[in-house]
Amino acid sequence: AEDQISGLQGVESTISPFSMERLDDSDGLLSMRPLKPSDTDPMARGTVVGTHGEGGAVIVRIAEQSNNHDGREVLISQVESVIAGLDGDWHLAGMPVIRTAYVRLVLKDLGTLVPLSLFVAGIFFVLSFRDTRQVALGLTSITLGMLTAAAAYITAGGVLNTFSPAFFSVVVVVGTSDLIHLVHRFSDHMDANPDAKDATRLAARKAAKEIGFACLLTTTTTAIGFLALMWTDLPTVQLFGLGAGLGVIITYITTFLLVPPVLARIRPPSRSARRHATGGSKRMARLGKWAIRRRRSMLMVFAVVAVVLATLGAQTKVAYRLLADLGGTSAGTAQAFMEENMGAVLPMSVDIRFDNDAREPENLQAIAQLTDWLRDQPLVGHASSLSDLSEMTWSALSGDSVGLPPSREAAAQSLFALEIGDEDPLQYLLIEDGTRTRIMLRVHDEGGDATTALASQLEEKAHSLLTPLGGEVTITGVAYIIQWINQTLTRQFVGSFALALVLIGLAWAVTTRSLRRVVMALIPNILPLLAVLGALGLTGIPLKPTTAMVFSIGLGIAVDDTIHFLAAYERWRKQEPDCTSEEAALHAYQTAGRSMLDTSIVLMAGMLVMGISDFNGFLYLGGFTAWAVLAALLTDLFLLGPLLVAVDDR
């Protein structure tokens with residue numbers, strides 16, 4: 001394997017159990033010898049040889065000019081072809097492989113999630129509209145909106161990243177909401193005056209006029225939910241938030257520029273479509289009447305549910321396992337093999353700077369103590385340092401079986417002898433003037449809490465050992481940086497949710513000029529987010545970027561139904577000043593309620609489409625957003641109506 005891989009373009013160097021060398025003193029002559037099975041030093045064990053000797057590895061160092069996605073993709077594909085023709089159980093692991101695996105999953109999802117989202121929307125258009133022309137119009141509208149949003153995203157500098165499939169799916173799914181409300185109101189007006197002159201034109205105009213502003217509000221709140229993600233520091237998340245937010249706005253504009261004029265000019269809906277619409281309205285009115293008559297019970301039930309969800313939500317943990325999102329993919333299986341047999345996979349580094357030379361005996365002794373302490377930590381799968389290399393070379397040079405060089409000169413001479421080998425390992429552990437060195441680690445993927453806890457303990461231990469010697473420690477490496485980024489992002493996602501909540505509240509306050517209406521609009525939409533938090537606590541799934549995003553996105557989507565319900569409620573009160581609050585609520589159930597049910601089903605189905613992805617992050621994002629939409633629908637249907645009647649009656 002090594003012979004074939006070393007000849008591939010983009011490979012800078014390779015090393016394996018057959019090419020790793022050790023310094024040897026044979027009859028007074030220093031030379032490099034091949035690695036022996038009896039060599040159990042930490043430089044070999046857990047790198048090219050398994051931690052218990054049962055596995056091995058060919059370590060490939062990628063040339064700098066090939067260390068980009070295109071270069072890695074070509075190289076990894078070639079390596080896959082090499083190992084496919086070999087006997088044994090082979091696994092490709094390491095950070096370049098993980099990064100390539102993520103990109104492959106993104107490209108695969110783009111080819112499946114977007115068409116499937118359109119297909120799901122089409123199915124529900126058929127079930128909801130029952131009219132071929134309206135179904136075709138709906139698919140044309142959301143496809144045009146998606147393509148326009150994609151063009152705007154690319155023009156604004158957007159690039160293909162991990163969230164791209166979610167961006168397209170979200171724009172398609174959210175874009176169906178306005179469309180369904182618009183077509184349903186058109187059908188209601190057609191059913192009321194089917195024989196009027198220019199019936200379709202009048203119905204289209206009335207529908208656009210009645211719900212146009214409500215849809216503008218829902219578009220604004222949904223866009224706010226996405227745009228709030230720009231408050232985070234990660235460019236990929238910022239692009240996703242910007243692209244999805246602009247996409248929702250563009251889809252709204254596309255819908256209202258295209259759909260009403262076309263509805264006004266095509267033939268009226270079929271009788272079966274109108275009967276279906278009328279039947280749906282009557283069923284929602286009966287549901288509303290049932291909930292309103294039991295309004296005290298509904299309020300008490302939801303109060304209890306809120307307490308239970310808050311209690312469960314308190315069990316939620318903040319954690320992030322980098323490899324968990326790869327699930328059962330080949331890349332995920334390979335990383336699991338590395339975790340179990342090769343001393344972990346995630347790289348971490350302890351960079352040490354001295355005022356003097358790291359090869360001074362007291363400095364080497366402190367490095368050795370810190371390295372041994374790290375090996376005793378359960379999270380650390382492998383650790384190697386300058387002290388290990390110094391001890392090995394000094395043993396060959398002096399003949400002593402154990403012990404560090406007694407002086408800086410002895411250390412320098414023994415390490416200098418490594419230059420007679422094919423590759424000098426010292427170049428990766430010490431800079432030329434000797435003032436900076438590093439301990440190279442690989443840690444297990446146990447989540448952010450474990451990694452940051454190790455880093456904190458490491459800093460304390462390093463301070464006690466190295467500070468008296470003039471040493472200063474910096475912790476770096478992919479394992480530490482990714483966990484720090486993701487913990488920061490999780491906190492920022494929570495902050496983006498709070499920002500979205502405030503902005504949505506302000507938007508509704510400006511619209512209604514009523515603090516009571518703002519409170520009544522937000523109460524039913526806090527409960528769905530408690531439902532997400534409770535589900536996280538119940539299932540043990542941690543709060544991490546892909547689950548924390550649900551709060552701001554879920555709030556922006558879930559509030560849509562509330563706005564449409566309240567808009568229908570207020571419209572009837574204005575149209576019929578003498579009506580009771582119960583009559584206005586029943587009108588909202590009968591008109592907005594049917595559309596709320598259909599749009600929620602489309603949203604849930606569209607989000608659940610993400611569950612087919614091999615990338616677990618999309619599974620969590622789609623699944624929990626669908627759960628938030630379902631909770632929002634139930635809350636609006638069984639709490640908002642009774643709450644409106646109970647409060648307005650007083």
# chains A, B, ... in the order shown; residues from 1 in each chain; ligands from 1
call {"tool": "residues_around", "arguments": {"residues": "Val629 (chain A)", "least_positions_apart": "3", "cutoff": "6 Å", "atoms": "only C-alpha atoms", "output": "list in words"}}
result
Ala558, Ala626 and Ala632 of chain A
call {"tool": "residues_around", "arguments": {"residues": "Val345 (chain A)", "least_positions_apart": "5", "cutoff": "10 Å", "atoms": "only C-alpha atoms", "output": "short mmCIF file (atom, residue, chain, number, x, y, z; two decimals) with N, CA and C atoms, in the first residue's frame"}}
result
data_model
loop_
_atom_site.label_atom_id
_atom_site.label_comp_id
_atom_site.auth_asym_id
_atom_site.auth_seq_id
_atom_site.Cartn_x
_atom_site.Cartn_y
_atom_site.Cartn_z
N ALA A 93 -8.85 7.40 7.37
CA ALA A 93 -9.20 8.24 8.51
C ALA A 93 -8.32 9.49 8.52
N GLY A 94 -8.62 10.37 9.45
CA GLY A 94 -7.87 11.61 9.58
C GLY A 94 -8.68 12.82 9.15
N MET A 95 -8.22 14.00 9.51
CA MET A 95 -8.98 15.22 9.25
C MET A 95 -9.20 15.50 7.76
N LEU A 323 -17.45 13.61 15.26
CA LEU A 323 -17.64 12.45 14.39
C LEU A 323 -19.06 11.92 14.43
N ALA A 334 -14.64 4.41 9.70
CA ALA A 334 -13.19 4.50 9.73
C ALA A 334 -12.70 5.26 10.95
N GLN A 335 -13.38 6.37 11.27
CA GLN A 335 -12.97 7.13 12.44
C GLN A 335 -13.18 6.31 13.72
N ALA A 336 -14.27 5.54 13.76
CA ALA A 336 -14.52 4.69 14.93
C ALA A 336 -13.41 3.66 15.09
N PHE A 337 -12.93 3.10 13.98
CA PHE A 337 -11.82 2.15 14.04
C PHE A 337 -10.57 2.82 14.60
N MET A 338 -10.29 4.02 14.15
CA MET A 338 -9.14 4.77 14.65
C MET A 338 -9.28 5.04 16.15
N GLU A 339 -10.49 5.40 16.57
CA GLU A 339 -10.72 5.68 17.98
C GLU A 339 -10.40 4.46 18.84
N GLU A 340 -10.76 3.28 18.33
CA GLU A 340 -10.62 2.07 19.13
C GLU A 340 -9.23 1.45 19.07
N GLY A 381 -5.69 9.63 23.59
CA GLY A 381 -5.40 8.33 23.00
C GLY A 381 -3.95 8.15 22.63
N HIS A 382 -3.25 9.26 22.40
CA HIS A 382 -1.84 9.18 22.02
C HIS A 382 -1.17 10.51 22.36
N LEU A 441 -0.75 15.44 20.33
CA LEU A 441 -1.76 14.57 20.93
C LEU A 441 -2.79 14.16 19.90
N ARG A 442 -3.48 13.07 20.21
CA ARG A 442 -4.74 12.76 19.56
C ARG A 442 -5.72 12.40 20.68
N VAL A 443 -6.89 12.99 20.62
CA VAL A 443 -7.85 12.81 21.71
C VAL A 443 -9.11 12.14 21.20
N HIS A 444 -9.81 11.48 22.09
CA HIS A 444 -11.06 10.81 21.75
C HIS A 444 -12.17 11.84 21.56
N ASP A 445 -13.11 11.48 20.72
CA ASP A 445 -14.22 12.38 20.38
C ASP A 445 -15.33 12.22 21.42
N ALA A 479 -8.89 19.42 17.26
CA ALA A 479 -9.82 18.95 18.29
C ALA A 479 -10.23 20.09 19.22
#
call {"tool": "closest_residue", "arguments": {"among": "A:Arg61, A:Met348, A:Ser395, A:Val304", "to": "Asp41 (chain A)", "atoms": "only C-alpha atoms"}}
result
A:Ser395
call {"tool": "closest_residue", "arguments": {"among": "A:Gln315, A:Ser26, A:Gln365, A:Ser169", "to": "Ala244 (chain A)", "atoms": "only C-alpha atoms"}}
result
A:Ser169
call {"tool": "residues_around", "arguments": {"residues": "region 50-59 of chain A", "least_positions_apart": "6", "cutoff": "8 Å", "atoms": "only C-alpha atoms", "output": "ChimeraX atom specification"}}
result
/A:1-2,14-17,341-343
call {"tool": "closest_atom_pairs", "arguments": {"of": "region 111-141 of chain A", "to": "region 614-625 of chain A", "cutoff": "12 Å", "atoms": "only C-alpha atoms", "output": "tab-separated table"}}
result
residue	atom	partner	partner_atom	distance
A:Thr112	CA	A:Asp614	CA	11.4
A:Leu113	CA	A:Phe618	CA	10.4
A:Ser117	CA	A:Gly622	CA	11.9
call {"tool": "write_last_selection", "arguments": {"atoms": "N, CA, C and O atoms", "output": "PDB file, in the first residue's frame"}}
result
ATOM      1  N   THR A 112     -30.399  14.979  -3.863  1.00  0.00           N
ATOM      2  CA  THR A 112     -31.582  14.240  -3.402  1.00  0.00           C
ATOM      3  C   THR A 112     -32.575  15.117  -2.644  1.00  0.00           C
ATOM      4  O   THR A 112     -33.783  15.042  -2.888  1.00  0.00           O
ATOM      5  N   LEU A 113     -32.092  15.963  -1.744  1.00  0.00           N
ATOM      6  CA  LEU A 113     -32.996  16.728  -0.891  1.00  0.00           C
ATOM      7  C   LEU A 113     -33.809  17.753  -1.677  1.00  0.00           C
ATOM      8  O   LEU A 113     -35.014  17.917  -1.433  1.00  0.00           O
ATOM      9  N   SER A 117     -37.730  17.612  -1.969  1.00  0.00           N
ATOM     10  CA  SER A 117     -38.529  18.684  -1.372  1.00  0.00           C
ATOM     11  C   SER A 117     -39.591  19.181  -2.355  1.00  0.00           C
ATOM     12  O   SER A 117     -40.742  19.415  -1.975  1.00  0.00           O
TER      13      SER A 117
END
call {"tool": "closest_residue", "arguments": {"among": "A:Leu608, A:Leu533, A:Leu92, A:Ile250", "to": "Gly313 (chain A)", "atoms": "only C-alpha atoms"}}
result
A:Leu533
call {"tool": "residues_around", "arguments": {"residues": "region 513-528 of chain A", "least_positions_apart": "6", "cutoff": "6 Å", "atoms": "only C-alpha atoms", "output": "PyMOL selection string"}}
result
chain A and resi 628+631-632+635
call {"tool": "residues_around", "arguments": {"residues": "Ser13 (chain A)", "least_positions_apart": "4", "cutoff": "9 Å", "atoms": "only C-alpha atoms", "output": "PyMOL selection string"}}
result
chain A and resi 6+59-63+423
call {"tool": "residues_around", "arguments": {"residues": "Leu643 (chain A)", "least_positions_apart": "4", "cutoff": "10 Å", "atoms": "only C-alpha atoms", "output": "short mmCIF file (atom, residue, chain, number, x, y, z; two decimals) with C-alpha atoms, in the first residue's frame"}}
result
data_model
loop_
_atom_site.label_atom_id
_atom_site.label_comp_id
_atom_site.auth_asym_id
_atom_site.auth_seq_id
_atom_site.Cartn_x
_atom_site.Cartn_y
_atom_site.Cartn_z
CA ILE A 292 -63.21 27.15 22.72
CA ARG A 295 -61.02 26.86 27.02
CA ARG A 296 -60.35 26.65 30.76
CA MET A 298 -57.10 23.92 27.42
CA LEU A 299 -55.34 26.70 29.33
CA MET A 520 -50.74 36.67 23.04
CA ILE A 523 -47.05 32.80 24.25
CA PRO A 524 -48.12 30.12 21.74
CA ALA A 585 -62.23 33.00 16.58
CA ASP A 636 -52.27 27.59 17.82
CA PHE A 638 -55.86 24.34 20.95
CA LEU A 639 -54.44 27.30 22.90
CA VAL A 647 -58.84 37.35 27.33
CA ASP A 648 -61.03 39.40 24.97
CA ASP A 649 -64.22 38.40 26.80
#
call {"tool": "closest_residue", "arguments": {"among": "A:Pro361, A:Val183, A:Arg594, A:Arg265", "to": "Arg286 (chain A)", "atoms": "only C-alpha atoms"}}
result
A:Arg594
call {"tool": "closest_residue", "arguments": {"among": "A:Leu182, A:Leu543, A:Val170, A:Val550", "to": "Leu529 (chain A)", "atoms": "only C-alpha atoms"}}
result
A:Val550
call {"tool": "atom_distance", "arguments": {"atom1": "CA of Ala223 (chain A)", "atom2": "CA of Gly245 (chain A)"}}
result
4.2 Å
call {"tool": "select_by_dssp", "arguments": {"residues": "region 408-649 of chain A", "states": "helix (DSSP H, G or I)", "output": "MDAnalysis selection string"}}
result
chainID A and resid 408:420 425:428 448:469 478:512 515:539 545:575 581:612 616:649
